[in-house]
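So this one's protein.cif, mmCIF, C-alpha atoms:
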data_upload
#
loop_
_atom_site.label_atom_id
_atom_site.label_comp_id
_atom_site.auth_asym_id
_atom_site.auth_seq_id
_atom_site.Cartn_x
_atom_site.Cartn_y
_atom_site.Cartn_z
CA MET A 1 -13.52 10.31 -26.68
CA LEU A 2 -14.11 8.85 -23.22
CA LYS A 3 -16.79 6.51 -24.61
CA LEU A 4 -14.28 5.30 -27.20
CA LEU A 5 -11.69 4.68 -24.49
CA ALA A 6 -14.33 2.91 -22.40
CA ARG A 7 -15.15 0.57 -25.27
CA LEU A 8 -11.46 -0.16 -25.85
CA PHE A 9 -10.31 -0.64 -22.26
CA LEU A 10 -13.34 -1.35 -20.08
CA LYS A 11 -15.04 -4.01 -22.22
CA GLU A 12 -18.48 -3.29 -20.74
CA LYS A 13 -20.00 -6.05 -22.83
CA ALA A 14 -17.82 -8.66 -21.15
CA ASN A 15 -20.40 -9.09 -18.34
CA LEU A 16 -18.10 -7.57 -15.73
CA PRO A 17 -19.42 -7.34 -12.15
CA GLU A 18 -20.74 -3.86 -11.33
CA THR A 19 -18.03 -3.30 -8.70
CA GLU A 20 -15.25 -4.13 -11.17
CA LEU A 21 -16.83 -1.96 -13.90
CA ARG A 22 -17.08 0.88 -11.39
CA ARG A 23 -13.41 0.54 -10.47
CA ARG A 24 -12.32 0.53 -14.11
CA TYR A 25 -14.44 3.59 -14.90
CA GLY A 26 -12.93 5.46 -11.94
CA VAL A 27 -9.37 4.61 -12.96
CA LEU A 28 -10.06 5.59 -16.58
CA CYS A 29 -11.65 8.92 -15.59
CA GLY A 30 -8.70 9.63 -13.32
CA ALA A 31 -6.10 8.83 -15.99
CA TYR A 32 -7.99 10.83 -18.62
CA GLY A 33 -8.19 13.76 -16.19
CA VAL A 34 -4.44 13.66 -15.56
CA PHE A 35 -3.74 13.88 -19.30
CA LEU A 36 -6.16 16.75 -20.01
CA ASN A 37 -5.14 18.79 -16.95
CA LEU A 38 -1.44 18.47 -17.72
CA LEU A 39 -2.11 19.58 -21.28
CA LEU A 40 -4.17 22.60 -20.19
CA GLY A 41 -1.75 23.51 -17.39
CA ALA A 42 1.27 23.56 -19.69
CA ALA A 43 -0.54 25.68 -22.31
CA LYS A 44 -1.83 28.23 -19.78
CA LEU A 45 1.51 28.46 -17.98
CA PHE A 46 3.20 29.33 -21.27
CA VAL A 47 0.55 31.94 -22.14
CA GLY A 48 0.48 33.38 -18.61
CA MET A 49 4.24 33.88 -18.50
CA ARG A 50 4.23 35.58 -21.90
CA SER A 51 1.26 37.87 -21.17
CA GLY A 52 2.12 38.68 -17.54
CA SER A 53 -1.41 37.78 -16.39
CA ILE A 54 -1.52 36.50 -12.81
CA SER A 55 -5.02 35.12 -13.30
CA ILE A 56 -3.94 33.03 -16.31
CA SER A 57 -0.85 31.78 -14.46
CA ALA A 58 -3.00 30.98 -11.42
CA ASP A 59 -5.41 29.12 -13.69
CA ALA A 60 -2.44 27.12 -15.01
CA VAL A 61 -1.37 26.18 -11.49
CA ASN A 62 -4.97 25.21 -10.83
CA ASN A 63 -4.90 22.78 -13.76
CA LEU A 64 -1.60 21.29 -12.60
CA SER A 65 -3.06 20.77 -9.11
CA ASP A 66 -6.12 19.22 -10.76
CA ALA A 67 -3.78 16.71 -12.40
CA SER A 68 -2.61 15.64 -8.93
CA SER A 69 -6.28 15.45 -7.83
CA SER A 70 -7.00 13.17 -10.78
CA ILE A 71 -4.12 10.94 -9.69
CA VAL A 72 -5.69 10.80 -6.21
CA THR A 73 -9.04 9.85 -7.78
CA LEU A 74 -7.35 7.15 -9.83
CA LEU A 75 -5.59 5.70 -6.77
CA GLY A 76 -8.78 5.94 -4.72
CA PHE A 77 -10.71 3.78 -7.18
CA TRP A 78 -7.82 1.35 -7.51
CA VAL A 79 -7.63 0.84 -3.72
CA ALA A 80 -11.45 0.73 -3.41
CA GLY A 81 -11.53 -2.17 -5.86
CA LYS A 82 -9.22 -4.35 -3.75
CA LYS A 83 -10.78 -7.43 -2.20
CA PRO A 84 -11.44 -7.69 1.55
CA ASP A 85 -8.53 -8.97 3.61
CA ALA A 86 -7.72 -9.81 7.23
CA ASP A 87 -7.03 -6.15 8.08
CA HIS A 88 -10.09 -4.82 6.24
CA PRO A 89 -12.78 -7.54 6.33
CA PHE A 90 -15.44 -5.14 4.99
CA GLY A 91 -13.36 -4.18 1.95
CA HIS A 92 -11.70 -0.93 0.92
CA GLY A 93 -14.70 0.90 -0.56
CA ARG A 94 -14.42 3.89 1.77
CA SER A 95 -11.05 4.78 0.25
CA GLU A 96 -13.07 6.35 -2.56
CA TYR A 97 -14.54 8.76 0.00
CA VAL A 98 -11.03 9.55 1.23
CA ALA A 99 -9.95 10.29 -2.35
CA GLY A 100 -12.91 12.63 -2.79
CA LEU A 101 -12.02 14.41 0.46
CA ILE A 102 -8.41 14.91 -0.66
CA VAL A 103 -9.65 16.37 -3.97
CA SER A 104 -11.98 18.78 -2.16
CA MET A 105 -9.15 19.84 0.18
CA ALA A 106 -6.96 20.49 -2.87
CA ILE A 107 -9.71 22.75 -4.23
CA VAL A 108 -9.76 24.71 -0.96
CA VAL A 109 -5.96 25.09 -0.90
CA MET A 110 -5.96 26.30 -4.50
CA GLY A 111 -8.68 28.83 -3.68
CA ILE A 112 -6.69 30.22 -0.75
CA GLU A 113 -3.53 30.55 -2.85
CA LEU A 114 -5.42 32.35 -5.61
CA LEU A 115 -7.04 34.68 -3.07
CA LEU A 116 -3.67 35.65 -1.57
CA SER A 117 -2.00 36.25 -4.95
CA SER A 118 -4.98 38.32 -6.15
CA VAL A 119 -4.92 40.53 -3.04
CA GLU A 120 -1.19 41.05 -3.51
CA LYS A 121 -1.71 42.17 -7.10
CA ILE A 122 -4.25 44.81 -6.00
CA PHE A 123 -1.41 46.59 -4.19
CA ASN A 124 1.17 45.77 -6.86
CA PRO A 125 -0.71 45.92 -10.18
CA LYS A 126 0.98 44.82 -13.39
CA PRO A 127 -0.28 45.30 -16.93
CA THR A 128 -1.43 42.24 -18.86
CA GLU A 129 -0.72 41.60 -22.52
CA PHE A 130 -3.48 40.56 -24.92
CA SER A 131 -2.75 37.95 -27.56
CA LEU A 132 -4.74 35.80 -29.93
CA LEU A 133 -2.91 32.75 -28.58
CA ALA A 134 -4.07 33.51 -25.03
CA LEU A 135 -7.64 33.97 -26.25
CA LEU A 136 -7.63 30.63 -28.07
CA VAL A 137 -6.05 28.76 -25.14
CA LEU A 138 -8.60 30.11 -22.67
CA LEU A 139 -11.52 29.32 -24.97
CA ALA A 140 -10.22 25.79 -25.48
CA SER A 141 -9.75 25.41 -21.72
CA ILE A 142 -13.37 26.40 -21.04
CA LEU A 143 -14.66 23.84 -23.54
CA VAL A 144 -12.37 21.08 -22.25
CA LYS A 145 -13.30 21.73 -18.61
CA LEU A 146 -16.99 21.77 -19.49
CA TYR A 147 -16.51 18.43 -21.23
CA MET A 148 -14.65 17.04 -18.19
CA MET A 149 -17.43 18.22 -15.88
CA LEU A 150 -20.06 16.49 -18.01
CA TYR A 151 -18.34 13.10 -18.26
CA ASN A 152 -17.36 13.07 -14.57
CA ARG A 153 -20.88 14.05 -13.51
CA SER A 154 -22.36 11.37 -15.77
CA ALA A 155 -20.08 8.68 -14.31
CA ALA A 156 -20.70 9.95 -10.76
CA LYS A 157 -24.46 9.67 -11.28
CA ARG A 158 -24.21 6.22 -12.83
CA PHE A 159 -22.06 4.77 -10.03
CA SER A 160 -23.13 7.07 -7.13
CA SER A 161 -19.49 8.12 -6.73
CA ALA A 162 -18.52 10.84 -4.25
CA ALA A 163 -15.00 11.07 -5.70
CA LEU A 164 -16.19 11.61 -9.27
CA GLN A 165 -18.82 14.08 -8.03
CA ALA A 166 -16.03 16.07 -6.35
CA THR A 167 -14.00 15.96 -9.57
CA ALA A 168 -17.03 17.17 -11.56
CA ALA A 169 -17.49 20.07 -9.11
CA ASP A 170 -13.81 20.93 -9.48
CA SER A 171 -14.11 20.98 -13.29
CA LEU A 172 -17.16 23.25 -13.09
CA SER A 173 -15.33 25.70 -10.82
CA ASP A 174 -12.40 25.67 -13.25
CA CYS A 175 -14.75 26.39 -16.16
CA ILE A 176 -16.22 29.42 -14.39
CA ALA A 177 -12.80 30.60 -13.19
CA THR A 178 -11.34 30.50 -16.72
CA SER A 179 -14.41 32.30 -18.11
CA VAL A 180 -13.83 35.16 -15.65
CA VAL A 181 -10.13 35.27 -16.59
CA LEU A 182 -11.07 35.48 -20.27
CA LEU A 183 -13.59 38.26 -19.61
CA CYS A 184 -10.99 40.30 -17.69
CA MET A 185 -8.44 39.91 -20.46
CA LEU A 186 -10.97 41.21 -23.00
CA LEU A 187 -11.92 44.15 -20.76
CA ALA A 188 -8.27 45.05 -20.24
CA HIS A 189 -7.63 45.05 -24.00
CA PHE A 190 -10.78 46.69 -25.36
CA ALA A 191 -11.92 48.91 -22.44
CA ASN A 192 -8.56 49.53 -20.74
CA LEU A 193 -9.99 48.14 -17.44
CA ASN A 194 -7.49 46.13 -15.44
CA LEU A 195 -9.72 43.94 -13.28
CA ASP A 196 -7.37 40.97 -13.22
CA ALA A 197 -6.76 41.00 -9.45
CA TYR A 198 -10.41 41.63 -8.54
CA ALA A 199 -11.50 38.84 -10.85
CA GLY A 200 -8.99 36.58 -9.11
CA ILE A 201 -10.64 37.34 -5.75
CA LEU A 202 -14.08 36.60 -7.19
CA VAL A 203 -12.89 33.31 -8.68
CA ALA A 204 -11.12 32.38 -5.44
CA GLY A 205 -14.34 32.90 -3.49
CA PHE A 206 -16.26 30.61 -5.83
CA ILE A 207 -13.54 27.95 -5.70
CA LEU A 208 -13.46 28.07 -1.89
CA TYR A 209 -17.25 27.68 -1.75
CA THR A 210 -17.12 24.68 -4.11
CA GLY A 211 -14.31 22.99 -2.17
CA ILE A 212 -15.90 23.50 1.26
CA HIS A 213 -19.36 22.38 0.08
CA THR A 214 -17.90 19.25 -1.54
CA ALA A 215 -15.79 18.46 1.54
CA ARG A 216 -18.81 18.76 3.85
CA ASP A 217 -20.77 16.29 1.73
CA ILE A 218 -17.95 13.72 1.72
CA ILE A 219 -17.19 14.14 5.44
CA SER A 220 -20.88 13.48 6.09
CA ARG A 221 -20.58 10.19 4.20
CA ILE A 222 -17.47 9.19 6.15
CA LEU A 223 -19.10 10.00 9.50
CA GLY A 224 -22.27 8.15 8.49
CA ASN A 225 -25.17 10.06 7.00
CA PRO A 226 -28.75 8.72 6.69
CA PRO A 227 -29.27 5.99 4.08
CA ASP A 228 -30.70 6.72 0.67
CA PRO A 229 -34.52 6.89 1.08
CA ASP A 230 -34.95 5.12 -2.24
CA LEU A 231 -32.83 2.18 -1.03
CA VAL A 232 -34.77 2.03 2.25
CA SER A 233 -38.05 2.01 0.34
CA LYS A 234 -36.87 -0.84 -1.91
CA ILE A 235 -35.75 -2.91 1.08
CA GLU A 236 -39.07 -2.38 2.85
CA LYS A 237 -40.96 -3.38 -0.29
CA LEU A 238 -38.99 -6.61 -0.72
CA VAL A 239 -39.36 -7.57 2.94
CA LEU A 240 -43.09 -6.87 3.14
CA GLN A 241 -43.76 -8.84 -0.05
CA SER A 242 -43.31 -11.94 2.08
CA GLU A 243 -46.57 -13.62 3.15
CA ILE A 244 -45.09 -14.48 6.56
CA ILE A 245 -43.50 -11.14 7.54
CA VAL A 246 -46.20 -8.74 8.77
CA GLY A 247 -44.01 -5.73 9.61
CA LEU A 248 -40.47 -4.51 10.18
CA HIS A 249 -38.58 -2.03 12.36
CA ASP A 250 -35.09 -1.09 13.60
CA MET A 251 -33.60 -1.05 10.11
CA ILE A 252 -29.94 0.00 10.11
CA VAL A 253 -27.95 0.52 6.90
CA HIS A 254 -24.17 0.22 7.32
CA ASP A 255 -22.26 1.82 4.44
CA TYR A 256 -18.73 0.46 4.01
CA GLY A 257 -18.29 2.15 0.66
CA PRO A 258 -19.87 1.70 -2.77
CA GLY A 259 -20.83 -1.90 -3.44
CA ASN A 260 -20.52 -2.96 0.21
CA ILE A 261 -23.70 -2.14 2.15
CA ILE A 262 -24.88 -4.25 5.09
CA VAL A 263 -28.51 -4.00 6.19
CA SER A 264 -29.89 -5.27 9.49
CA LEU A 265 -33.55 -5.14 10.49
CA HIS A 266 -36.16 -6.77 12.72
CA ALA A 267 -38.82 -8.72 10.83
CA GLU A 268 -42.17 -9.10 12.63
CA VAL A 269 -43.70 -12.57 12.29
CA PRO A 270 -46.74 -14.26 13.90
CA VAL A 271 -45.94 -15.62 17.33
CA ASP A 272 -47.80 -18.86 16.55
CA GLY A 273 -46.06 -19.48 13.20
CA ASP A 274 -44.02 -22.54 12.29
CA LEU A 275 -40.41 -21.77 13.25
CA LEU A 276 -38.80 -23.82 10.48
CA MET A 277 -40.99 -22.21 7.80
CA ILE A 278 -40.25 -18.75 9.19
CA HIS A 279 -36.51 -19.42 9.21
CA GLU A 280 -36.61 -20.67 5.62
CA GLU A 281 -38.58 -17.57 4.54
CA ILE A 282 -36.13 -15.23 6.30
CA ASP A 283 -33.23 -16.88 4.44
CA ARG A 284 -35.09 -16.43 1.16
CA VAL A 285 -35.72 -12.72 1.78
CA GLU A 286 -32.08 -12.13 2.75
CA LEU A 287 -30.95 -13.79 -0.49
CA GLN A 288 -33.45 -11.76 -2.54
CA ILE A 289 -32.18 -8.48 -1.07
CA ARG A 290 -28.62 -9.48 -1.94
CA ARG A 291 -29.49 -10.44 -5.53
CA GLU A 292 -31.74 -7.48 -6.36
CA LEU A 293 -30.14 -4.65 -4.34
CA GLY A 294 -26.57 -5.84 -3.86
CA CYS A 295 -26.81 -5.53 -0.07
CA THR A 296 -25.85 -8.05 2.60
CA ALA A 297 -29.00 -8.41 4.71
CA ILE A 298 -29.37 -9.72 8.27
CA LEU A 299 -32.96 -10.21 9.46
CA HIS A 300 -33.80 -10.70 13.13
CA ILE A 301 -37.10 -12.42 13.92
CA ASP A 302 -39.53 -10.64 16.25
CA PRO A 303 -42.62 -12.74 17.10
CA ILE A 304 -45.72 -10.64 17.67
CA ALA A 305 -49.35 -11.37 18.51
CA THR A 306 -51.44 -11.07 15.36
CA LYS A 307 -54.70 -12.65 16.56
CA ASP A 308 -55.14 -11.41 20.15
CA GLU A 309 -57.71 -8.64 19.66
CA ASN A 310 -57.21 -7.22 23.17
CA VAL A 311 -53.45 -6.83 22.68
CA LEU A 312 -53.98 -5.29 19.23
CA ARG A 313 -56.57 -2.85 20.61
CA ILE A 314 -54.31 -1.66 23.43
CA LYS A 315 -51.37 -1.40 21.01
CA ARG A 316 -53.41 0.88 18.73
CA LEU A 317 -54.39 3.08 21.68
CA VAL A 318 -50.80 3.37 22.92
CA ALA A 319 -49.48 4.11 19.41
CA GLU A 320 -52.10 6.83 18.92
CA LYS A 321 -51.46 8.51 22.27
CA MET A 322 -47.66 8.40 21.90
CA THR A 323 -47.95 10.59 18.78
CA ALA A 324 -48.96 13.43 21.12
CA LEU A 325 -45.21 13.82 21.69
CA SER A 326 -44.62 14.13 17.94
CA PRO A 327 -46.43 12.87 14.80
CA GLU A 328 -43.20 11.05 13.91
CA VAL A 329 -43.20 8.88 17.05
CA THR A 330 -43.83 5.17 16.42
CA ILE A 331 -43.86 2.03 18.56
CA HIS A 332 -42.99 -1.62 17.91
CA ASP A 333 -42.30 -4.91 19.71
CA PHE A 334 -45.49 -4.39 21.70
CA ARG A 335 -46.55 -7.14 24.07
CA ILE A 336 -48.39 -7.51 27.38
CA SER A 337 -47.01 -9.49 30.30
CA PRO A 338 -49.98 -10.11 32.65
CA GLY A 339 -49.59 -10.49 36.40
CA PRO A 340 -51.88 -10.97 39.43
CA GLU A 341 -51.73 -7.31 40.49
CA GLN A 342 -49.98 -5.55 37.60
CA SER A 343 -49.69 -6.07 33.85
CA ASN A 344 -46.58 -4.80 32.04
CA LEU A 345 -46.92 -3.06 28.67
CA ILE A 346 -43.56 -3.76 27.05
CA PHE A 347 -42.67 -1.93 23.84
CA ASP A 348 -40.02 0.12 22.01
CA VAL A 349 -40.73 3.71 21.05
CA VAL A 350 -38.89 5.47 18.21
CA VAL A 351 -38.59 9.24 18.67
CA PRO A 352 -37.12 11.68 16.12
CA PHE A 353 -33.81 13.43 16.79
CA SER A 354 -35.69 16.76 16.69
CA LEU A 355 -37.75 15.88 19.79
CA ASP A 356 -36.29 17.86 22.70
CA LEU A 357 -36.99 15.28 25.41
CA THR A 358 -34.70 12.97 27.34
CA ASP A 359 -35.23 9.20 27.36
CA ASP A 360 -36.38 9.44 30.98
CA GLN A 361 -39.03 12.02 30.05
CA VAL A 362 -40.31 9.80 27.23
CA GLN A 363 -40.47 6.82 29.61
CA GLU A 364 -42.31 8.93 32.21
CA TYR A 365 -44.86 9.97 29.59
CA ALA A 366 -45.36 6.33 28.57
CA GLU A 367 -45.91 5.34 32.21
CA CYS A 368 -48.55 8.07 32.68
CA LEU A 369 -50.21 6.92 29.45
CA ALA A 370 -50.33 3.30 30.69
CA LYS A 371 -51.87 4.33 34.02
CA GLU A 372 -54.43 6.40 32.14
CA LEU A 373 -55.50 3.33 30.17
CA ASN A 374 -55.65 1.13 33.25
CA PRO A 375 -54.32 1.76 36.79
CA CYS A 376 -53.00 -1.80 36.80
CA PHE A 377 -50.80 -1.18 33.74
CA HIS A 378 -47.07 -0.45 34.01
CA ALA A 379 -44.99 0.65 31.00
CA ILE A 380 -41.57 -0.86 30.32
CA VAL A 381 -40.18 1.18 27.45
CA GLU A 382 -36.99 1.11 25.35
CA VAL A 383 -36.39 4.45 23.61
CA ASP A 384 -34.87 4.25 20.10
CA ARG A 385 -33.85 6.82 17.50
CA PRO A 386 -34.49 6.41 13.74
CA PHE A 387 -31.40 5.18 11.90
#
Just dump the structure as structure tokens.
Amino acid sequence: MLKLLARLFLKEKANLPETELRRRYGVLCGAYGVFLNLLLGAAKLFVGMRSGSISISADAVNNLSDASSSIVTLLGFWVAGKKPDADHPFGHGRSEYVAGLIVSMAIVVMGIELLLSSVEKIFNPKPTEFSLLALLVLLASILVKLYMMLYNRSAAKRFSSAALQATAADSLSDCIATSVVLLCMLLAHFANLNLDAYAGILVAGFILYTGIHTARDIISRILGNPPDPDLVSKIEKLVLQSEIIVGLHDMIVHDYGPGNIIVSLHAEVPVDGDLLMIHEEIDRVELQIRRELGCTAILHIDPIATKDENVLRIKRLVAEKMTALSPEVTIHDFRISPGPEQSNLIFDVVVPFSLDLTDDQVQEYAECLAKELNPCFHAIVEVDRPF
């Protein structure tokens, strides 16, 4: 059904830009979710009121809250698709993350409400009524929610969408919750076991776990989590394909939301190269990254000695000895500034976040290392962390 709607309303074959196609998919998934959740919520509310089952009624309220979450998803994609303006020069892509966070918070609130109502029913139990209508509605709900989980997960994977991933997680939790409700109704009818309230507690615990886990993932994106290793690898490959660029370091990936990623890095080039040729090559690489990966790239030129064997030898020694701090330690921007009585070894050292040393301790180690190589050496070190 969703594929049919996509063909009718999205017009994928119309060569739409990926960002616009993403926005339309998000809006369509949100609108479709509103319709299905309202339909399920109304049916379950009717059955729950007739049967007296708190778990079915709670499941109905869950579906109605899911309808509001779908509206949030829809609005999130609509806002995310707006063009940059004076107030938001980097676009509105992060609004999709905000939408996903609101959805995950709604899941948590629903879980708390279900937990409280289930605990109350333990102390004030009420019999539930079995009916064929309730059985059919719950079975249909499980199938519909499973279907919603699959199409949201598929779209989330295709467009790397946090909001759709949160919606898929919500649909999966609903599917499991309704399955437990159905099981309890069958046990109450055929085995005379009224586990409705206890099942509600179990379902509430699962829903709370899903909501909190989803919220943590989205909050991490908003705060700024590490870039996708696959994207980093592709950028490195494109940059190092150049015949002029001999290395790179200090890569930073700024995520302003899906479709708006800005990459900055330092490109190492021969110190004796032709400046105009190097500049032209840097422009070409920046354009290639934009065309192939959809990222805005800013490359800073770092000239390094590529033919001075003495400098290269000392650089290798320093790099090797610095790994005594940690195998993950690397150095770059290495150069030697000679003087009549003292020569400065100037370089940056990248240390992992897990290394329990202060910057001063790292600099002190580098200074001892320099003196060990030659008493006339002095280390001037800038300590970096991997971004």
Could you tell me which residues the PyMOL selection byres ((chain A and resi 149) around 10) grabs in this file, written as a PDB file with C-alpha atoms, in the coordinates of the input?
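Output (expr.pdb):
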ATOM      1  CA  LEU A 143     -14.660  23.840 -23.540  1.00  0.00           C
ATOM      2  CA  VAL A 144     -12.370  21.080 -22.250  1.00  0.00           C
ATOM      3  CA  LYS A 145     -13.300  21.730 -18.610  1.00  0.00           C
ATOM      4  CA  LEU A 146     -16.990  21.770 -19.490  1.00  0.00           C
ATOM      5  CA  TYR A 147     -16.510  18.430 -21.230  1.00  0.00           C
ATOM      6  CA  MET A 148     -14.650  17.040 -18.190  1.00  0.00           C
ATOM      7  CA  LEU A 150     -20.060  16.490 -18.010  1.00  0.00           C
ATOM      8  CA  TYR A 151     -18.340  13.100 -18.260  1.00  0.00           C
ATOM      9  CA  ASN A 152     -17.360  13.070 -14.570  1.00  0.00           C
ATOM     10  CA  ARG A 153     -20.880  14.050 -13.510  1.00  0.00           C
ATOM     11  CA  SER A 154     -22.360  11.370 -15.770  1.00  0.00           C
ATOM     12  CA  LEU A 164     -16.190  11.610  -9.270  1.00  0.00           C
ATOM     13  CA  GLN A 165     -18.820  14.080  -8.030  1.00  0.00           C
ATOM     14  CA  ALA A 166     -16.030  16.070  -6.350  1.00  0.00           C
ATOM     15  CA  THR A 167     -14.000  15.960  -9.570  1.00  0.00           C
ATOM     16  CA  ALA A 168     -17.030  17.170 -11.560  1.00  0.00           C
ATOM     17  CA  ALA A 169     -17.490  20.070  -9.110  1.00  0.00           C
ATOM     18  CA  ASP A 170     -13.810  20.930  -9.480  1.00  0.00           C
ATOM     19  CA  SER A 171     -14.110  20.980 -13.290  1.00  0.00           C
ATOM     20  CA  LEU A 172     -17.160  23.250 -13.090  1.00  0.00           C
ATOM     21  CA  SER A 173     -15.330  25.700 -10.820  1.00  0.00           C
ATOM     22  CA  ASP A 174     -12.400  25.670 -13.250  1.00  0.00           C
ATOM     23  CA  CYS A 175     -14.750  26.390 -16.160  1.00  0.00           C
TER      24      CYS A 175
END
Would you kindly return, as a PyMOL selection string, each protein, DNA or RNA residue with an atom no farther than 9 Å from any atom of A:Ile102, considering all atoms listed in the file and excluding same-chain residues fewer than 4 positions away?
-> chain A and resi 69+72-73+97-98+106-107+215
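Ranking A:Val180, A:Val103, A:Leu355, A:Ala297 by their shortest atom-to-atom distance to A:Asp384, with only C-alpha atoms included, puts A:Leu355 first.
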Fewer than 4 positions away in the same chain doesn't count, so skip those; otherwise give me all residues within 6 Å of stretch 258-271 of chain A, counting only C-alpha atoms, as a count of residues only.
-> 23
Any idea what the distance is between atom CA of A:Val137 and atom CA of A:Tyr209?
->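 About the pair atom CA of A:Val137 and atom CA of A:Tyr209: they are 26.0 Å apart.
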Kindly indicate which residue among A:Asp283, A:Asp87, A:Asp272, A:Asp196 lies nearest to A:Val119, using only C-alpha atoms for the distances.
-> A:Asp196
d(atom CA of A:Ser354, atom CA of A:Pro327) in Å |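 Taking atom CA of A:Ser354 and atom CA of A:Pro327, their separation equals 11.6 Å.
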Among A:Leu223, A:Val350, A:Leu202, A:Ile282, A:Leu240 is approached most closely, using only C-alpha atoms, by A:Ile282
Taking the file as shown, what set of residues would the PyMOL selection byres ((chain A and resi 364-371) around 8) give back, as a list in words?
-> Val318, Lys321, Met322, Leu345, Asp360, Gln361, Val362, Gln363, Glu372, Leu373, Asn374, Pro375, Cys376, Phe377, His378, Ala379, Ile380 and Val381 of chain A
With C-alpha atoms retained, could you export that selection as a PDB file, in the frame of the given file?
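The resulting file, part_28.pdb, is shown below:
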ATOM      1  CA  VAL A 318     -50.800   3.370  22.920  1.00  0.00           C
ATOM      2  CA  LYS A 321     -51.460   8.510  22.270  1.00  0.00           C
ATOM      3  CA  MET A 322     -47.660   8.400  21.900  1.00  0.00           C
ATOM      4  CA  LEU A 345     -46.920  -3.060  28.670  1.00  0.00           C
ATOM      5  CA  ASP A 360     -36.380   9.440  30.980  1.00  0.00           C
ATOM      6  CA  GLN A 361     -39.030  12.020  30.050  1.00  0.00           C
ATOM      7  CA  VAL A 362     -40.310   9.800  27.230  1.00  0.00           C
ATOM      8  CA  GLN A 363     -40.470   6.820  29.610  1.00  0.00           C
ATOM      9  CA  GLU A 372     -54.430   6.400  32.140  1.00  0.00           C
ATOM     10  CA  LEU A 373     -55.500   3.330  30.170  1.00  0.00           C
ATOM     11  CA  ASN A 374     -55.650   1.130  33.250  1.00  0.00           C
ATOM     12  CA  PRO A 375     -54.320   1.760  36.790  1.00  0.00           C
ATOM     13  CA  CYS A 376     -53.000  -1.800  36.800  1.00  0.00           C
ATOM     14  CA  PHE A 377     -50.800  -1.180  33.740  1.00  0.00           C
ATOM     15  CA  HIS A 378     -47.070  -0.450  34.010  1.00  0.00           C
ATOM     16  CA  ALA A 379     -44.990   0.650  31.000  1.00  0.00           C
ATOM     17  CA  ILE A 380     -41.570  -0.860  30.320  1.00  0.00           C
ATOM     18  CA  VAL A 381     -40.180   1.180  27.450  1.00  0.00           C
TER      19      VAL A 381
END
In Å, rounded to a single decimal, give me how far atom CA of A:Arg385 is from atom CA of A:Gln241.
-> 25.5 Å
For A:Gly111, work out the shell of residues within 12 Å, counting all atoms listed in the file and skipping chain neighbours fewer than 3 positions away, then give it as a PyMOL selection string.
-> chain A and resi 58-59+61-62+65+104-108+114-118+170+173-174+177+200-212
I need the chosen residues saved as a CSV table (one decimal), keeping the file's coordinate frame, with C-alpha atoms.
chain,number,residue,atom,x,y,z
A,58,ALA,CA,-3.0,31.0,-11.4
A,59,ASP,CA,-5.4,29.1,-13.7
A,61,VAL,CA,-1.4,26.2,-11.5
A,62,ASN,CA,-5.0,25.2,-10.8
A,65,SER,CA,-3.1,20.8,-9.1
A,104,SER,CA,-12.0,18.8,-2.2
A,105,MET,CA,-9.2,19.8,0.2
A,106,ALA,CA,-7.0,20.5,-2.9
A,107,ILE,CA,-9.7,22.8,-4.2
A,108,VAL,CA,-9.8,24.7,-1.0
A,114,LEU,CA,-5.4,32.4,-5.6
A,115,LEU,CA,-7.0,34.7,-3.1
A,116,LEU,CA,-3.7,35.6,-1.6
A,117,SER,CA,-2.0,36.2,-5.0
A,118,SER,CA,-5.0,38.3,-6.2
A,170,ASP,CA,-13.8,20.9,-9.5
A,173,SER,CA,-15.3,25.7,-10.8
A,174,ASP,CA,-12.4,25.7,-13.2
A,177,ALA,CA,-12.8,30.6,-13.2
A,200,GLY,CA,-9.0,36.6,-9.1
A,201,ILE,CA,-10.6,37.3,-5.8
A,202,LEU,CA,-14.1,36.6,-7.2
A,203,VAL,CA,-12.9,33.3,-8.7
A,204,ALA,CA,-11.1,32.4,-5.4
A,205,GLY,CA,-14.3,32.9,-3.5
A,206,PHE,CA,-16.3,30.6,-5.8
A,207,ILE,CA,-13.5,28.0,-5.7
A,208,LEU,CA,-13.5,28.1,-1.9
A,209,TYR,CA,-17.2,27.7,-1.8
A,210,THR,CA,-17.1,24.7,-4.1
A,211,GLY,CA,-14.3,23.0,-2.2
A,212,ILE,CA,-15.9,23.5,1.3
Give me the box for stretch 77-93 of chain A as lines of an AutoDock Vina configuration file, namely the centre and edge lengths in Å to one decimal of a box along x, y and z that holds every listed atom plus 4 Å on each side.
center_x = -11.2
center_y = -3.0
center_z = 0.3
size_x = 16.4
size_y = 21.6
size_z = 23.6
Contacts of A:Gly76 within 12 Å, only C-alpha atoms, excl. fewer than 5 positions in-chain, as a VMD selection string | chain A and resid 22 to 31 69 to 71 81 to 82 92 to 103 161 to 164 257
Using the chain letters and residue numbers of this document, give as a CSV table (one decimal) with C-alpha atoms, keeping the file's coordinate frame the residues selected by the PyMOL selection byres ((chain A and resi 237) around 12).
chain,number,residue,atom,x,y,z
A,230,ASP,CA,-35.0,5.1,-2.2
A,231,LEU,CA,-32.8,2.2,-1.0
A,232,VAL,CA,-34.8,2.0,2.2
A,233,SER,CA,-38.0,2.0,0.3
A,234,LYS,CA,-36.9,-0.8,-1.9
A,235,ILE,CA,-35.8,-2.9,1.1
A,236,GLU,CA,-39.1,-2.4,2.8
A,238,LEU,CA,-39.0,-6.6,-0.7
A,239,VAL,CA,-39.4,-7.6,2.9
A,240,LEU,CA,-43.1,-6.9,3.1
A,241,GLN,CA,-43.8,-8.8,0.0
A,242,SER,CA,-43.3,-11.9,2.1
A,245,ILE,CA,-43.5,-11.1,7.5
A,246,VAL,CA,-46.2,-8.7,8.8
A,247,GLY,CA,-44.0,-5.7,9.6
A,248,LEU,CA,-40.5,-4.5,10.2
A,285,VAL,CA,-35.7,-12.7,1.8
A,288,GLN,CA,-33.4,-11.8,-2.5
A,289,ILE,CA,-32.2,-8.5,-1.1
A,292,GLU,CA,-31.7,-7.5,-6.4
A,293,LEU,CA,-30.1,-4.6,-4.3
